[in-house]
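**Student:** Here you go, this is upload_20.pdb (PDB, C-alpha atoms, pLDDT in the B column).
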```pdb
ATOM      1  CA  MET A   1      76.044 106.572 109.566  1.00 96.00           C
ATOM      2  CA  GLU A   2      79.781 106.297 110.075  1.00 97.00           C
ATOM      3  CA  ILE A   3      82.461 105.867 107.396  1.00 98.00           C
ATOM      4  CA  ALA A   4      86.005 104.690 108.135  1.00 98.00           C
ATOM      5  CA  TRP A   5      88.758 104.477 105.513  1.00 97.00           C
ATOM      6  CA  HIS A   6      91.209 101.574 105.588  1.00 96.00           C
ATOM      7  CA  GLY A   7      93.379 102.791 102.719  1.00 94.00           C
ATOM      8  CA  TYR A   8      93.326 102.496  98.920  1.00 95.00           C
ATOM      9  CA  SER A   9      89.621 101.982  98.012  1.00 96.00           C
ATOM     10  CA  CYS A  10      88.593 100.116 101.163  1.00 96.00           C
ATOM     11  CA  PHE A  11      85.990 101.642 103.479  1.00 97.00           C
ATOM     12  CA  ARG A  12      83.784 100.298 106.240  1.00 97.00           C
ATOM     13  CA  LEU A  13      80.280 101.750 106.469  1.00 98.00           C
ATOM     14  CA  THR A  14      78.138 101.264 109.541  1.00 97.00           C
ATOM     15  CA  GLU A  15      74.701 102.397 110.637  1.00 96.00           C
ATOM     16  CA  ARG A  16      72.784 101.425 113.736  1.00 93.00           C
ATOM     17  CA  ASN A  17      70.301  98.586 113.127  1.00 93.00           C
ATOM     18  CA  SER A  18      71.507  98.146 109.528  1.00 96.00           C
ATOM     19  CA  ALA A  19      73.999  95.938 107.692  1.00 96.00           C
ATOM     20  CA  SER A  20      77.658  96.955 107.906  1.00 97.00           C
ATOM     21  CA  ILE A  21      79.455  97.115 104.548  1.00 97.00           C
ATOM     22  CA  VAL A  22      83.107  96.872 103.489  1.00 97.00           C
ATOM     23  CA  THR A  23      84.110  98.092 100.028  1.00 97.00           C
ATOM     24  CA  ASP A  24      86.993  96.798  97.877  1.00 96.00           C
ATOM     25  CA  PRO A  25      89.188  95.004 100.469  1.00 95.00           C
ATOM     26  CA  PHE A  26      92.800  94.747  99.280  1.00 94.00           C
ATOM     27  CA  ASP A  27      95.609  92.241  99.758  1.00 93.00           C
ATOM     28  CA  LYS A  28      99.210  92.839 100.864  1.00 92.00           C
ATOM     29  CA  SER A  29     100.515  93.011  97.284  1.00 92.00           C
ATOM     30  CA  ILE A  30      99.641  96.711  97.090  1.00 92.00           C
ATOM     31  CA  GLY A  31     102.071  97.535  99.925  1.00 92.00           C
ATOM     32  CA  LEU A  32      99.643  98.401 102.697  1.00 92.00           C
ATOM     33  CA  THR A  33      98.926  96.351 105.809  1.00 91.00           C
ATOM     34  CA  THR A  34      95.735  94.390 105.263  1.00 91.00           C
ATOM     35  CA  PRO A  35      93.133  95.170 107.929  1.00 88.00           C
ATOM     36  CA  ARG A  36      91.050  92.519 109.685  1.00 89.00           C
ATOM     37  CA  LEU A  37      87.436  93.558 109.363  1.00 94.00           C
ATOM     38  CA  LYS A  38      83.939  92.338 110.223  1.00 94.00           C
ATOM     39  CA  ALA A  39      80.925  93.170 108.105  1.00 96.00           C
ATOM     40  CA  ASP A  40      77.635  91.827 106.838  1.00 96.00           C
ATOM     41  CA  VAL A  41      78.353  92.702 103.212  1.00 96.00           C
ATOM     42  CA  VAL A  42      81.383  93.211 100.984  1.00 97.00           C
ATOM     43  CA  THR A  43      81.114  95.034  97.652  1.00 97.00           C
ATOM     44  CA  ILE A  44      83.709  94.260  94.971  1.00 96.00           C
ATOM     45  CA  SER A  45      84.108  96.757  92.125  1.00 96.00           C
ATOM     46  CA  HIS A  46      86.168  94.298  90.059  1.00 91.00           C
ATOM     47  CA  GLU A  47      88.291  91.179  90.470  1.00 88.00           C
ATOM     48  CA  ALA A  48      91.843  92.378  91.159  1.00 84.00           C
ATOM     49  CA  PRO A  49      94.202  91.968  94.148  1.00 80.00           C
ATOM     50  CA  GLY A  50      93.685  95.555  95.297  1.00 83.00           C
ATOM     51  CA  TYR A  51      89.910  95.324  95.303  1.00 87.00           C
ATOM     52  CA  SER A  52      88.608  91.799  95.909  1.00 86.00           C
ATOM     53  CA  ASN A  53      90.335  90.245  98.940  1.00 90.00           C
ATOM     54  CA  SER A  54      87.119  89.355 100.756  1.00 91.00           C
ATOM     55  CA  ASP A  55      89.030  86.769 102.847  1.00 89.00           C
ATOM     56  CA  ILE A  56      90.068  89.544 105.266  1.00 89.00           C
ATOM     57  CA  VAL A  57      86.426  90.263 106.123  1.00 93.00           C
ATOM     58  CA  LYS A  58      84.573  87.968 108.520  1.00 90.00           C
ATOM     59  CA  GLY A  59      80.876  87.124 108.391  1.00 74.00           C
ATOM     60  CA  VAL A  60      80.050  88.394 104.976  1.00 79.00           C
ATOM     61  CA  ARG A  61      77.895  88.215 101.890  1.00 93.00           C
ATOM     62  CA  THR A  62      79.836  89.299  98.805  1.00 95.00           C
ATOM     63  CA  ILE A  63      78.380  91.383  95.972  1.00 96.00           C
ATOM     64  CA  THR A  64      80.435  91.351  92.787  1.00 95.00           C
ATOM     65  CA  GLY A  65      78.429  93.064  90.072  1.00 93.00           C
ATOM     66  CA  PRO A  66      75.513  95.175  88.888  1.00 96.00           C
ATOM     67  CA  GLY A  67      72.037  94.710  90.303  1.00 96.00           C
ATOM     68  CA  GLU A  68      69.775  95.760  93.160  1.00 97.00           C
ATOM     69  CA  TYR A  69      70.170  94.254  96.611  1.00 97.00           C
ATOM     70  CA  GLU A  70      68.390  94.772  99.934  1.00 96.00           C
ATOM     71  CA  ILE A  71      70.329  93.464 102.909  1.00 95.00           C
ATOM     72  CA  GLY A  72      69.684  94.273 106.558  1.00 94.00           C
ATOM     73  CA  GLY A  73      68.199  97.713 106.039  1.00 93.00           C
ATOM     74  CA  ALA A  74      70.732  98.741 103.390  1.00 95.00           C
ATOM     75  CA  PHE A  75      69.679  99.141  99.754  1.00 97.00           C
ATOM     76  CA  ILE A  76      72.590  98.575  97.381  1.00 98.00           C
ATOM     77  CA  THR A  77      72.555  99.367  93.672  1.00 97.00           C
ATOM     78  CA  GLY A  78      75.409  98.220  91.453  1.00 97.00           C
ATOM     79  CA  VAL A  79      75.882 100.132  88.176  1.00 96.00           C
ATOM     80  CA  ASN A  80      78.156  98.794  85.437  1.00 95.00           C
ATOM     81  CA  THR A  81      80.735 101.397  84.301  1.00 92.00           C
ATOM     82  CA  SER A  82      83.133  99.058  82.490  1.00 84.00           C
ATOM     83  CA  SER A  83      85.019 100.724  79.640  1.00 70.00           C
ATOM     84  CA  THR A  84      87.321  99.908  76.738  1.00 56.00           C
ATOM     85  CA  LYS A  85      90.737 101.511  76.421  1.00 53.00           C
ATOM     86  CA  GLN A  86      90.292 104.049  73.647  1.00 49.00           C
ATOM     87  CA  GLU A  87      93.789 103.774  72.129  1.00 46.00           C
ATOM     88  CA  THR A  88      93.419 100.110  71.219  1.00 43.00           C
ATOM     89  CA  ASP A  89      89.745  99.266  71.787  1.00 49.00           C
ATOM     90  CA  SER A  90      90.992  95.874  72.894  1.00 50.00           C
ATOM     91  CA  GLU A  91      91.375  96.031  76.662  1.00 58.00           C
ATOM     92  CA  THR A  92      88.221  96.176  78.750  1.00 62.00           C
ATOM     93  CA  PHE A  93      88.402  97.685  82.241  1.00 77.00           C
ATOM     94  CA  LEU A  94      85.697  96.126  84.379  1.00 85.00           C
ATOM     95  CA  ASN A  95      84.123  98.199  87.141  1.00 94.00           C
ATOM     96  CA  THR A  96      80.923  98.320  89.155  1.00 96.00           C
ATOM     97  CA  VAL A  97      79.924 101.490  90.983  1.00 97.00           C
ATOM     98  CA  TYR A  98      77.829 100.909  94.112  1.00 98.00           C
ATOM     99  CA  VAL A  99      75.280 103.212  95.697  1.00 98.00           C
ATOM    100  CA  ILE A 100      74.468 102.279  99.281  1.00 98.00           C
ATOM    101  CA  ASP A 101      71.279 103.802 100.645  1.00 97.00           C
ATOM    102  CA  TYR A 102      70.955 103.881 104.405  1.00 96.00           C
ATOM    103  CA  GLU A 103      68.142 105.621 106.248  1.00 93.00           C
ATOM    104  CA  SER A 104      70.534 108.412 107.266  1.00 93.00           C
ATOM    105  CA  ALA A 105      72.271 109.032 103.926  1.00 96.00           C
ATOM    106  CA  SER A 106      73.318 107.553 100.579  1.00 97.00           C
ATOM    107  CA  VAL A 107      76.924 106.730  99.725  1.00 98.00           C
ATOM    108  CA  CYS A 108      78.343 106.145  96.247  1.00 98.00           C
ATOM    109  CA  HIS A 109      81.610 104.201  95.921  1.00 98.00           C
ATOM    110  CA  LEU A 110      83.075 104.659  92.439  1.00 97.00           C
ATOM    111  CA  GLY A 111      85.449 101.686  92.652  1.00 95.00           C
ATOM    112  CA  ASP A 112      88.258 101.896  90.091  1.00 92.00           C
ATOM    113  CA  ILE A 113      86.301 103.872  87.512  1.00 94.00           C
ATOM    114  CA  ASN A 114      88.605 105.357  84.872  1.00 89.00           C
ATOM    115  CA  THR A 115      86.239 107.256  82.571  1.00 90.00           C
ATOM    116  CA  ILE A 116      83.560 109.890  82.975  1.00 93.00           C
ATOM    117  CA  PRO A 117      80.222 108.037  83.198  1.00 92.00           C
ATOM    118  CA  SER A 118      77.447 108.623  80.693  1.00 93.00           C
ATOM    119  CA  GLN A 119      74.336 110.618  81.515  1.00 94.00           C
ATOM    120  CA  THR A 120      72.405 107.350  81.742  1.00 94.00           C
ATOM    121  CA  GLN A 121      74.900 105.985  84.280  1.00 94.00           C
ATOM    122  CA  ILE A 122      74.794 109.210  86.293  1.00 95.00           C
ATOM    123  CA  GLU A 123      71.005 109.055  86.423  1.00 95.00           C
ATOM    124  CA  ALA A 124      71.150 105.416  87.548  1.00 95.00           C
ATOM    125  CA  LEU A 125      73.062 106.524  90.660  1.00 96.00           C
ATOM    126  CA  GLY A 126      70.186 108.672  91.912  1.00 95.00           C
ATOM    127  CA  THR A 127      70.805 111.217  94.663  1.00 95.00           C
ATOM    128  CA  VAL A 128      74.278 110.869  96.199  1.00 97.00           C
ATOM    129  CA  ASP A 129      74.940 112.378  99.618  1.00 98.00           C
ATOM    130  CA  VAL A 130      78.518 111.117 100.022  1.00 98.00           C
ATOM    131  CA  LEU A 131      80.804 110.335  97.068  1.00 98.00           C
ATOM    132  CA  LEU A 132      83.868 108.134  97.570  1.00 98.00           C
ATOM    133  CA  VAL A 133      85.999 109.016  94.562  1.00 98.00           C
ATOM    134  CA  PRO A 134      89.409 107.832  93.268  1.00 97.00           C
ATOM    135  CA  VAL A 135      91.679 110.828  92.655  1.00 97.00           C
ATOM    136  CA  GLY A 136      95.250 109.524  92.294  1.00 96.00           C
ATOM    137  CA  GLY A 137      95.383 108.396  88.670  1.00 94.00           C
ATOM    138  CA  GLY A 138      97.044 105.083  87.874  1.00 89.00           C
ATOM    139  CA  LYS A 139      94.306 103.065  86.161  1.00 83.00           C
ATOM    140  CA  GLY A 140      91.624 105.096  87.939  1.00 85.00           C
ATOM    141  CA  LEU A 141      90.523 108.720  87.720  1.00 92.00           C
ATOM    142  CA  ASN A 142      93.144 111.457  87.872  1.00 95.00           C
ATOM    143  CA  ALA A 143      92.553 114.713  89.740  1.00 97.00           C
ATOM    144  CA  ALA A 144      90.991 116.577  86.796  1.00 97.00           C
ATOM    145  CA  GLN A 145      88.650 113.682  85.939  1.00 96.00           C
ATOM    146  CA  ALA A 146      87.657 113.360  89.596  1.00 97.00           C
ATOM    147  CA  ALA A 147      86.761 117.054  89.717  1.00 98.00           C
ATOM    148  CA  GLU A 148      84.653 116.659  86.565  1.00 97.00           C
ATOM    149  CA  ILE A 149      82.753 113.654  87.861  1.00 97.00           C
ATOM    150  CA  ILE A 150      82.073 115.483  91.149  1.00 98.00           C
ATOM    151  CA  SER A 151      80.517 118.376  89.202  1.00 97.00           C
ATOM    152  CA  LEU A 152      78.247 115.914  87.369  1.00 97.00           C
ATOM    153  CA  ILE A 153      77.094 113.941  90.425  1.00 97.00           C
ATOM    154  CA  GLU A 154      76.855 116.973  92.744  1.00 97.00           C
ATOM    155  CA  PRO A 155      77.220 115.161  96.080  1.00 98.00           C
ATOM    156  CA  SER A 156      76.983 116.941  99.418  1.00 98.00           C
ATOM    157  CA  ILE A 157      80.262 115.456 100.662  1.00 98.00           C
ATOM    158  CA  VAL A 158      83.295 114.149  98.741  1.00 98.00           C
ATOM    159  CA  VAL A 159      85.797 111.754 100.305  1.00 98.00           C
ATOM    160  CA  PRO A 160      88.900 111.176  98.154  1.00 98.00           C
ATOM    161  CA  MET A 161      90.449 107.693  97.926  1.00 97.00           C
ATOM    162  CA  HIS A 162      92.959 105.750  95.819  1.00 96.00           C
ATOM    163  CA  TYR A 163      95.881 108.167  96.111  1.00 96.00           C
ATOM    164  CA  ARG A 164      99.437 107.870  97.375  1.00 94.00           C
ATOM    165  CA  THR A 165      99.672 106.973 101.081  1.00 92.00           C
ATOM    166  CA  GLY A 166     102.129 105.060 103.291  1.00 89.00           C
ATOM    167  CA  ASN A 167     104.062 102.294 101.542  1.00 89.00           C
ATOM    168  CA  ILE A 168     101.646 101.896  98.672  1.00 92.00           C
ATOM    169  CA  LYS A 169     103.302 100.335  95.611  1.00 90.00           C
ATOM    170  CA  ALA A 170     100.968 101.669  92.930  1.00 88.00           C
ATOM    171  CA  LYS A 171     102.182 104.780  91.118  1.00 93.00           C
ATOM    172  CA  LEU A 172      99.544 107.176  92.341  1.00 95.00           C
ATOM    173  CA  ASP A 173      99.479 110.958  92.637  1.00 96.00           C
ATOM    174  CA  PRO A 174      99.408 112.620  96.072  1.00 96.00           C
ATOM    175  CA  LEU A 175      96.202 114.022  97.537  1.00 97.00           C
ATOM    176  CA  SER A 176      97.545 117.575  97.123  1.00 97.00           C
ATOM    177  CA  ARG A 177      97.090 117.398  93.341  1.00 97.00           C
ATOM    178  CA  PHE A 178      93.375 116.737  93.727  1.00 98.00           C
ATOM    179  CA  LEU A 179      92.946 119.425  96.375  1.00 98.00           C
ATOM    180  CA  LYS A 180      94.657 121.931  94.062  1.00 97.00           C
ATOM    181  CA  GLU A 181      92.338 120.894  91.224  1.00 97.00           C
ATOM    182  CA  MET A 182      89.389 121.590  93.534  1.00 97.00           C
ATOM    183  CA  GLY A 183      90.812 124.986  94.497  1.00 97.00           C
ATOM    184  CA  LEU A 184      91.531 123.875  98.058  1.00 97.00           C
ATOM    185  CA  GLY A 185      94.547 124.020 100.330  1.00 94.00           C
ATOM    186  CA  LYS A 186      95.578 121.425 102.872  1.00 93.00           C
ATOM    187  CA  ILE A 187      92.701 119.728 104.713  1.00 96.00           C
ATOM    188  CA  ASN A 188      93.296 118.108 108.079  1.00 96.00           C
ATOM    189  CA  PRO A 189      92.284 114.434 107.992  1.00 97.00           C
ATOM    190  CA  GLU A 190      89.596 113.065 110.295  1.00 97.00           C
ATOM    191  CA  PRO A 191      89.618 109.590 111.893  1.00 96.00           C
ATOM    192  CA  ASN A 192      86.144 108.857 110.488  1.00 97.00           C
ATOM    193  CA  LEU A 193      83.127 110.596 109.028  1.00 97.00           C
ATOM    194  CA  LYS A 194      79.702 110.691 110.665  1.00 96.00           C
ATOM    195  CA  VAL A 195      76.823 111.633 108.395  1.00 96.00           C
ATOM    196  CA  VAL A 196      73.137 112.381 108.880  1.00 93.00           C
ATOM    197  CA  LYS A 197      70.865 113.973 106.266  1.00 90.00           C
ATOM    198  CA  SER A 198      69.888 116.833 108.533  1.00 91.00           C
ATOM    199  CA  SER A 199      73.486 118.077 108.724  1.00 91.00           C
ATOM    200  CA  LEU A 200      74.517 117.707 105.064  1.00 96.00           C
ATOM    201  CA  PRO A 201      76.126 120.870 103.649  1.00 96.00           C
ATOM    202  CA  GLU A 202      74.283 122.816 100.949  1.00 93.00           C
ATOM    203  CA  GLU A 203      77.410 123.094  98.800  1.00 95.00           C
ATOM    204  CA  THR A 204      79.777 120.227  97.993  1.00 97.00           C
ATOM    205  CA  GLN A 205      82.369 119.804 100.735  1.00 97.00           C
ATOM    206  CA  VAL A 206      85.604 117.764 100.565  1.00 98.00           C
ATOM    207  CA  ARG A 207      86.418 115.756 103.700  1.00 98.00           C
ATOM    208  CA  VAL A 208      89.689 113.839 104.067  1.00 98.00           C
ATOM    209  CA  LEU A 209      89.914 110.662 106.169  1.00 98.00           C
ATOM    210  CA  ASP A 210      92.985 109.314 107.905  1.00 96.00           C
ATOM    211  CA  PRO A 211      93.608 105.756 106.655  1.00 93.00           C
ATOM    212  CA  LYS A 212      93.455 103.105 109.364  1.00 84.00           C
ATOM    213  CA  THR A 213      96.351 101.144 107.852  1.00 68.00           C
ATOM    214  CA  GLY A 214      99.969 101.785 106.896  1.00 46.00           C
TER     215      GLY A 214
END
```
Just dump the structure as structure tokens.

**Tutor:**
Amino acid sequence: MEIAWHGYSCFRLTERNSASIVTDPFDKSIGLTTPRLKADVVTISHEAPGYSNSDIVKGVRTITGPGEYEIGGAFITGVNTSSTKQETDSETFLNTVYVIDYESASVCHLGDINTIPSQTQIEALGTVDVLLVPVGGGKGLNAAQAAEIISLIEPSIVVPMHYRTGNIKAKLDPLSRFLKEMGLGKINPEPNLKVVKSSLPEETQVRVLDPKTG
């Protein structure tokens, strides 16, 4: 399986003889150049300009909420992690976390989650080989929350997303804050990530991808 990051929370996942998947495609309002992508499936964590611009993806079936889906050799599970803002209990933040199970590995995309999930929600995710986790704050997880959720899910590989890059307009923290929280120094970004179960590390490893947009 191969994972490419297109900035913000948008990834493209591909595996030979299986459906290709794009997660949370964004529009130009966030400040990044919108990529032109092809995929069989698009997953949308919630309806917002930075996460639901499926028009930029050609040839696609769109999944927009919780449930279980089997498409072209990929098994997709959507888990509802919507939350209410604690200070007022009046504003609901909608979010669906998706677990994508390919033959080679499982990937969990946390979307724009902004709270630590319950034990029931964690169990619903099953075994996670690769965790795509927001780390830059804003309305999503900050660095400390991201580190906590990683310790609960215990993935083999962590790929940070949703942090300050390029001309992004959202007020997000830089990647360095998350790396410091994880006790790591600078990590050289990779153009993409190739994953097979036989080569997964025994201890959780952070891998940084170079966004394919500016």

**Student:** Can you find the residues with an atom no farther than 9 Å from (83.3, 90.5, 116.6), counting all atoms listed in the file, and report them as an NGL selection string?

**Tutor:** :A and (37-38 or 58)

**Student:** Of the residues A:Ser29, A:Gln205, A:Ser82, A:Gln121, which is the one nearest to A:Pro160, using only C-alpha atoms?

**Tutor:** A:Gln205

**Student:** So that I can check the surroundings of A:Arg16, please list as a list of chain:residue names every protein, DNA and RNA residue that reaches within 10 Å of it, counting all atoms listed in the file and ignoring chain neighbours fewer than 3 positions away.

**Tutor:**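 These residues fall inside the cut-off: A:Met1, A:Glu2, A:Ala19, A:Ser20, A:Gly73, A:Tyr102, A:Glu103, A:Ser104.
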
**Student:** For the selection just defined, write its residues with C-alpha atoms to a file, as a compact mmCIF listing (two decimals), in the frame of the given file.

**Tutor:**
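Now in selection38.txt:
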```txt
# COMPACT_ATOMS: atom_id res chain seq x y z
CA MET A 1 76.04 106.57 109.57
CA GLU A 2 79.78 106.30 110.08
CA ALA A 19 74.00 95.94 107.69
CA SER A 20 77.66 96.96 107.91
CA GLY A 73 68.20 97.71 106.04
CA TYR A 102 70.96 103.88 104.40
CA GLU A 103 68.14 105.62 106.25
CA SER A 104 70.53 108.41 107.27
```

**Student:** Using the chain letters and residue numbers of this document, give as a VMD selection string the residues selected by the PyMOL selection byres ((chain A and resi 100) around 8).

**Tutor:** chain A and resid 74 to 77 98 to 99 101 to 102 106 to 108

**Student:** What separation in Å, quoted to one decimal, exists between atom CA of A:Ser45 and atom CA of A:Leu131?

**Tutor:**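 Atom CA of A:Ser45 sits 14.8 Å away from atom CA of A:Leu131.
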